[in-house]
Every structure is written in C-alpha cells, then in structure tokens.
Amino acid sequence: MIDNRTAPQIWEAALGELQIQVNKPNYHTWLAKTIGLTYLESRFTIGVPSTFVAEYLDKNQRSLIEKALTGIVRREVKIEFLVTESRPAGRGEKAAPPHQASLPLFNPKYTFDSFVVGSCNQMAFSAAQGVVSNPGKTYNPLFIYGGAGLGKTHLLQAIGSSAQANNMKVAYVRAEEYTNQLVIAIKDKKTEEFRNRYRSVDMLLVDDVQFFGGKTQTAENFFHTFDELHNSNRQIALTSDRPPKAIQALEARLSSRFEGGLVTDIETPDFETRLAILKDKAKQKETELSGDVLELIALQIQQNIRALEGSLNRVIAYARLVRSAVTPDLAARALKDIGGDETPAAPVTPKLIMEAVVTNFQLTPSELRGRKRDEITALARQVAMYLIRQETDCSLSEIGQELGGRTPATVSHAYQKIAEDITNSPSLRRKVSKIQQELAAGSHRRKF
Ligand code: ADP
Ligand code: MG
C-alpha cells in the first residue's frame with residue numbers, strides 16, 4: 001500500500017490518536033508543539049521544540065508514539081526526534097523553558113482562529129478581540145454569558161493566550177478554583193500570597209463566575225481584587241452561564257461591578273453556524289465527511305457545541321470500529337442512541353463515565369460511590385474523578401457529589417494523582433485510554 005500522505009499529515013493523524021491516549025496536561029506539555037518532519041523508509045522524524053522535550057518523549061512515550069504511527073501507516077515505524085527552532089503556528093520564539101510551566105497553560109485548541117463566528121456569537125467574539133487589542137480601555141470588565149458548551153471558555157482562553165503572546169501577565173482561573181484556593185490560603189495563613197497572585201497581573205480572566213453566588217466570603221475577597229485591578233485599568237474578563245443580575249445571592253455591589261463594562265451573550269448557534277463548526281472540526285481531524293453526514297449531525301444537535309463535536313467524534317469512532325466509510329446511514333446509526341438534544345450534555349456525562357469505570361474495574365455503582373477503600377475501589381473512584389474532570393465541564397464539587405459526596409479537595413487530589421500516575425504506569429494509561437475510547441464510541445449506556 002502506498003501512502004500518499006505527507007509526514008505532517010501523518011503526524012497530525014498520530015497526534016489525534018495520542019490525544020485520546022495521554023492525559024490533557026501531558027499532551028499539551030509534550031506533544032502539542034511537535035511537528036511531523038520526514039517519513040523515509042520506515043523512519044519517521046518528529047520535530048520538537050527543545051532537547052528537553054525530545055528526551056522526555058524518547059524516554060517515556062517512544063513506544064506509544066511508534067504504535068500510533070504504525071497504526072496509521074500500517075507498517076512498522078521507528079521514530080527519531082529533531083530539535084527545531086520554529087513551530088508551525090509559533091511566534092518565532094523559542095519554546096517556553098520548563099521553569100515557566102507555572103504560567104497558565106491555555107488550551108492550544110482555544111484560539112480566535114479556531115473560533116467559528118456566526119450571528120450567535122459575533123458580538124462576544126469582537127468584544128473579546130477588542131479586549132486583547134485595547135486592554136483595560138474599551139470594555140472593562142468584559143462579561144460574556146451563555147448556556148453550556150457555547151464557547152465561553154474557548155473565547156476567554158483565546159483572550160488569555162493572545163494577551164500572553166503580547167507579553168501581558170495573565171491570570172486565568174475558574175471561579176470555583178479561586179474559591180478553593182482562597183479557602184486553602186486562609187487555612188494555611190497564606191492570604192497575602194493569594195492576594196498577590198491575582199492582584200499583580202495585567203489581566204485577570206475568571207471563568208464561570210456564577211459560582212460566586214452565595215459564597216459570601218469569596219465574593220467579598222473577589223470584590224477587592226476586582227476593584228484593585230479595575231482602578232488601575234487592568235483588564236478583567238468574566239464568563240457566566242447567566243447575566244450578572246440573575247446570579248443568585250450575589251451581592252449587588254459585585255453584580256453592578258460586573259455590569260459596569262460590556263455585558264454580551266452567546267446564543268445557541270443556527271444551522272449554518274453549526275454546519276460551519278462541524279466542517280471546521282472535521283478538517284482539523286483530517287476526516288473527509290460528506291455534506292450529507294455533516295448536515296445530519298447539525299440537524300440533530302442544536303443546543304450545545306460541545307455536544308456537536310462529541311457527536312462528530314462519535315460518528316468517526318463508530319466508522320473506525322465497523323471499518324466502514326461514513327455514510328449518512330452509518331452516521332444515523334451512530335447517533336441513534338443520542339436522540340438529539342433530549343439527552344443533556346451528550347455524548348459524555350458523569351453517569352456514562354462512571355458506568356464505563358465500574359464495568360472496566362468490575363465493581364458495582366454503589367461500590368464506586370460508597371465508602372469501601374480497598375485498593376481497586378479507591379483507584380476506580382480516582383479514575384472516575386479524573387475522567388469526569390477531563391471529559392466534562394463539571395465542577396470539582398459536582399464531581400464530588402456524583403461520587404457519593406466527596407469534597408472538592410479530594411477530587412482535585414485524585415485528578416492530580418491520576419494525571420501523574422498515568423504518565424508513569426503504562427498499564428494504568430492503557431486502562432484509562434480504553435475507557436476513553438469506549439466513551440467516544442458510545443458503548444456505555446446509563447445504568448446508574
Ligand atoms: P462553555 O465554556 O460555554 O461551556 P466551551 O468554550 O467549553 O463552552 O466550548 C465547548 C466546546 O465547543 C469546545 O471544544 C469549544 O472549542 C467548542 N466551541 C464552542 N464554540 C465554538 C465556536 N464558535 N467555534 C468553534 N468551536 C467552538
Ligand atoms: Mg466553560
């Protein structure tokens with residue numbers, strides 16, 4: 001079989017596979033900035049931003065990468081790494097050295113370029129760009145609200161990474177994390193440090209501020225952070241699932257601050273925008289799908305862009321599973337169980353994840369949520385927490401609730417532990433990626 005694809009194309013496909021197999025932080029740190037350089041004989045050369053990355057990948061992920069490539073070109077491949085100065089979409093600078101890892105790592109997928117603009121989000125998109133070109137001047141704060149999965153986090157992170165590229169010092173935090181960090185800072189008597197972390201920046205981005213509703217102490221603290229930044233013309237941008245006034249039990253002085261700049265919403269996308277988004281995502285995944293198939297998906301999923309993308313993944317995964325080309329017929333079959341927007345947050349929900357975890361660990365749902373603490377049950381529970389955090393938008397406390405009333409701190413700890421263990425233990429990594437693949441293919445239906 002002759003492979004007509006170029007090395008960059010093959011590598012893009014391999015990255016697609018690897019993205020499912022390794023955890024997100026790992027992927028972004030080590031793989032996201034690599035490129036396919038050459039593919040000659042059976043030798044594939046991968047361009048990496050630094051020797052540090054080359055050494056890490058060589059030591060830890062060589063066989064995983066070779067397997068992914070072998071699967072794509074259908075013959076055995078050996079890899080080598082070459083340190084390249086420039087990156088494809090880079091800014092012509094050297095890659096950030098590892099000691100800068102404490103800077104917020106924005107999801108490289110969430111850029112202005114990859115954001116599809118339609119009438120539903122045009123205003124929010126322009127405002128977000130305005131904030132980057134004129135920080136602290138035009139709209140301060142910028143407040144973006146809208147339903148789940150409509151691109152709020154995407155835009156907020158696009159603001160962050162663009163501002164960072166302009167050498168601004170940016171802090172990005174989810175309101176829930178801000179709350180948890182404050183609680184810990186108070187407990188550890190480190191409030192001064194906490195203060196400085198958020199009051200020393202040029203731009204503060206807070207995601208999901210509806211979470212401040214009813215949290216009196218945090219809201220009070222955030223109020224002061226807000227004022228200090230705002231008074232010195234530093235840019236603030238906020239997102240929320242509802243407008244400021246509708247955030248329950250939020251002090252009036254805070255909601256009026258939130259309204260003091262520009263408040264703009266993102267609406268659900270119309271059919272054309274949904275189709276444009278699907279085309280774009282299919283292109284990114286290097287998958288050729290016919291117009292019919294894309295229209296079918298766009299018709300079925302209307303409320304949520306994450307679900308739209310999830311359905312696309314599901315169709316692609318299903319096609320791979322049955323080893324067949326994607327026809328409208330096959331797409332319809334793959335989407336059958338989803339039933340359009342009736343199933344909230346399709347395709348992957350905490351319930352489906354827990355279902356997949358108990359099946360793979362041979363436990364029952366009540367064991368997973370219960371108090372048993374033997375090694376297997378504890379590990380399964382941590383994997384479930386990790387996957388829910390990774391695959392859904394649930395907050396730490398929501399995840400804790402799903403798993404039988406664990407605290408956000410427990411969930412956060414579990415997440416970090418599994419994220420780390422997964423890089424060290426190939427067997428755990430395999431187990432987790434198997435669950436992720438089953439989820440993408442939709443093989444678990446709810447039993448909870
Ligand atoms: P929210 O924060 O509003 O819940 P996200 O920003 O997390 O939603 O978006 C959910 C998913 O949909 C992300 O993968 C995001 O990249 C994608 N997405 C949302 N809006 C768009 C858009 N206009 N163009 C491309 N992708 C989008
Ligand atoms: Mg979000």
# chains A, B, ... in the order shown; residues from 1 in each chain; ligands from 1
$ residues_near_ligand --ligand "ligand 1" --cutoff "7 Å" --atoms "only C-alpha atoms and all ligand atoms" --output "PyMOL selection string"
chain A and resi 109-110+114-117+121+146-155+277+305-306+309+393
$ residues_around --residues "range 173-179 of chain A" --least-positions-apart "4" --cutoff "6 Å" --atoms "only C-alpha atoms" --output "ChimeraX atom specification"
/A:206-209,211,218
$ select_by_dssp --residues "range 226-350 of chain A" --states "strand (DSSP E)" --output "list in words"
Gln235, Ile236, Ala237, Leu238, Thr239, Ser240, Leu262, Val263, Thr264, Asp265 and Ile266 of chain A
$ residues_around --residues "Val77 in chain A" --least-positions-apart "6" --cutoff "10 Å" --atoms "only C-alpha atoms" --output "list in words"
Tyr39, Leu40, Glu41, Ser42, Arg43, Phe44, Ile65, Glu66, Lys67, Ala68, Leu69, Thr70 and Gly71 of chain A
$ write_last_selection --atoms "N, CA and C atoms" --output "PDB file, in the first residue's frame"
ATOM      1  N   TYR A  39       9.271  11.328   6.555  1.00  0.00           N
ATOM      2  CA  TYR A  39       8.970   9.909   6.686  1.00  0.00           C
ATOM      3  C   TYR A  39       9.669   9.210   5.526  1.00  0.00           C
ATOM      4  N   LEU A  40      10.784   8.569   5.846  1.00  0.00           N
ATOM      5  CA  LEU A  40      11.616   7.951   4.816  1.00  0.00           C
ATOM      6  C   LEU A  40      11.927   6.534   5.225  1.00  0.00           C
ATOM      7  N   GLU A  41      11.850   5.629   4.269  1.00  0.00           N
ATOM      8  CA  GLU A  41      11.978   4.207   4.592  1.00  0.00           C
ATOM      9  C   GLU A  41      11.009   3.943   5.741  1.00  0.00           C
ATOM     10  N   SER A  42      11.471   3.389   6.848  1.00  0.00           N
ATOM     11  CA  SER A  42      10.488   3.217   7.921  1.00  0.00           C
ATOM     12  C   SER A  42      10.810   4.159   9.080  1.00  0.00           C
ATOM     13  N   ARG A  43      11.508   5.225   8.759  1.00  0.00           N
ATOM     14  CA  ARG A  43      11.971   6.129   9.797  1.00  0.00           C
ATOM     15  C   ARG A  43      11.174   7.432   9.768  1.00  0.00           C
ATOM     16  N   PHE A  44      10.574   7.746  10.880  1.00  0.00           N
ATOM     17  CA  PHE A  44       9.756   8.957  10.939  1.00  0.00           C
ATOM     18  C   PHE A  44      10.436   9.984  11.845  1.00  0.00           C
ATOM     19  N   ILE A  65       4.178   6.295  20.832  1.00  0.00           N
ATOM     20  CA  ILE A  65       4.186   7.061  19.577  1.00  0.00           C
ATOM     21  C   ILE A  65       4.398   6.126  18.381  1.00  0.00           C
ATOM     22  N   GLU A  66       5.344   5.202  18.555  1.00  0.00           N
ATOM     23  CA  GLU A  66       5.605   4.288  17.437  1.00  0.00           C
ATOM     24  C   GLU A  66       4.373   3.448  17.127  1.00  0.00           C
ATOM     25  N   LYS A  67       3.674   3.069  18.184  1.00  0.00           N
ATOM     26  CA  LYS A  67       2.465   2.275  17.962  1.00  0.00           C
ATOM     27  C   LYS A  67       1.404   3.083  17.211  1.00  0.00           C
ATOM     28  N   ALA A  68       1.249   4.337  17.620  1.00  0.00           N
ATOM     29  CA  ALA A  68       0.246   5.185  16.977  1.00  0.00           C
ATOM     30  C   ALA A  68       0.587   5.347  15.489  1.00  0.00           C
ATOM     31  N   LEU A  69       1.865   5.614  15.207  1.00  0.00           N
ATOM     32  CA  LEU A  69       2.271   5.804  13.814  1.00  0.00           C
ATOM     33  C   LEU A  69       2.105   4.516  13.011  1.00  0.00           C
ATOM     34  N   THR A  70       2.521   3.416  13.616  1.00  0.00           N
ATOM     35  CA  THR A  70       2.402   2.125  12.939  1.00  0.00           C
ATOM     36  C   THR A  70       0.942   1.850  12.576  1.00  0.00           C
ATOM     37  N   GLY A  71       0.037   2.207  13.501  1.00  0.00           N
ATOM     38  CA  GLY A  71      -1.385   2.007  13.237  1.00  0.00           C
ATOM     39  C   GLY A  71      -1.864   2.835  12.054  1.00  0.00           C
TER      40      GLY A  71
END
$ residues_around --residues "Lys169 in chain A" --least-positions-apart "6" --cutoff "8 Å" --atoms "only C-alpha atoms" --output "mmCIF file with N, CA and C atoms, in the first residue's frame"
data_model
loop_
_atom_site.group_PDB
_atom_site.id
_atom_site.type_symbol
_atom_site.label_atom_id
_atom_site.label_comp_id
_atom_site.auth_asym_id
_atom_site.auth_seq_id
_atom_site.Cartn_x
_atom_site.Cartn_y
_atom_site.Cartn_z
ATOM 1 N N ALA A 163 -3.223 37.574 24.770
ATOM 2 C CA ALA A 163 -2.643 38.614 25.621
ATOM 3 C C ALA A 163 -1.262 38.173 26.102
ATOM 4 N N VAL A 201 -1.380 41.091 38.357
ATOM 5 C CA VAL A 201 -1.393 40.766 36.927
ATOM 6 C C VAL A 201 -1.897 41.929 36.072
ATOM 7 N N ASP A 202 -1.630 41.837 34.770
ATOM 8 C CA ASP A 202 -2.126 42.858 33.835
ATOM 9 C C ASP A 202 -3.557 42.533 33.412
ATOM 10 N N MET A 203 -3.878 41.246 33.474
ATOM 11 C CA MET A 203 -5.199 40.840 33.000
ATOM 12 C C MET A 203 -5.690 39.671 33.840
#
$ select_by_dssp --residues "range 6-247 of chain A" --states "alpha helix (DSSP H)" --output "PyMOL selection string"
chain A and resi 7-21+24-26+51-60+62-73+122-133+152-165+175-187+191-199+216-231
$ residues_around --residues "Ala128 in chain A" --least-positions-apart "2" --cutoff "8 Å" --atoms "only C-alpha atoms" --output "PyMOL selection string"
chain A and resi 124-126+130-132+142+155-156+159
$ residues_around --residues "range 355-369 of chain A" --least-positions-apart "4" --cutoff "10 Å" --atoms "only C-alpha atoms" --output "MDAnalysis selection string"
chainID A and resid 349:351 373 376:384 387 400:406 431:432 434:436 438:439 442:448
$ residues_around --residues "range 48-63 of chain A" --least-positions-apart "4" --cutoff "7 Å" --atoms "only C-alpha atoms" --output "PyMOL selection string"
chain A and resi 30+33-35+67+81-85+95
$ atom_distance --atom1 "CA of Thr138 in chain A" --atom2 "CA of Asn233 in chain A"
10.2 Å
$ atom_distance --atom1 "CA of Ile399 in chain A" --atom2 "CA of Val348 in chain A"
13.8 Å
$ atom_distance --atom1 "CA of Leu396 in chain A" --atom2 "CA of Pro408 in chain A"
4.8 Å
$ closest_residue --among "A:Ser395, A:Gln129, A:Ser255, A:Pro141" --to "ligand 2" --atoms "only C-alpha atoms and all ligand atoms"
A:Ser395
$ closest_residue --among "A:Val22, A:Cys394, A:Leu64, A:Met354" --to "Asp421 in chain A" --atoms "only C-alpha atoms"
A:Val22
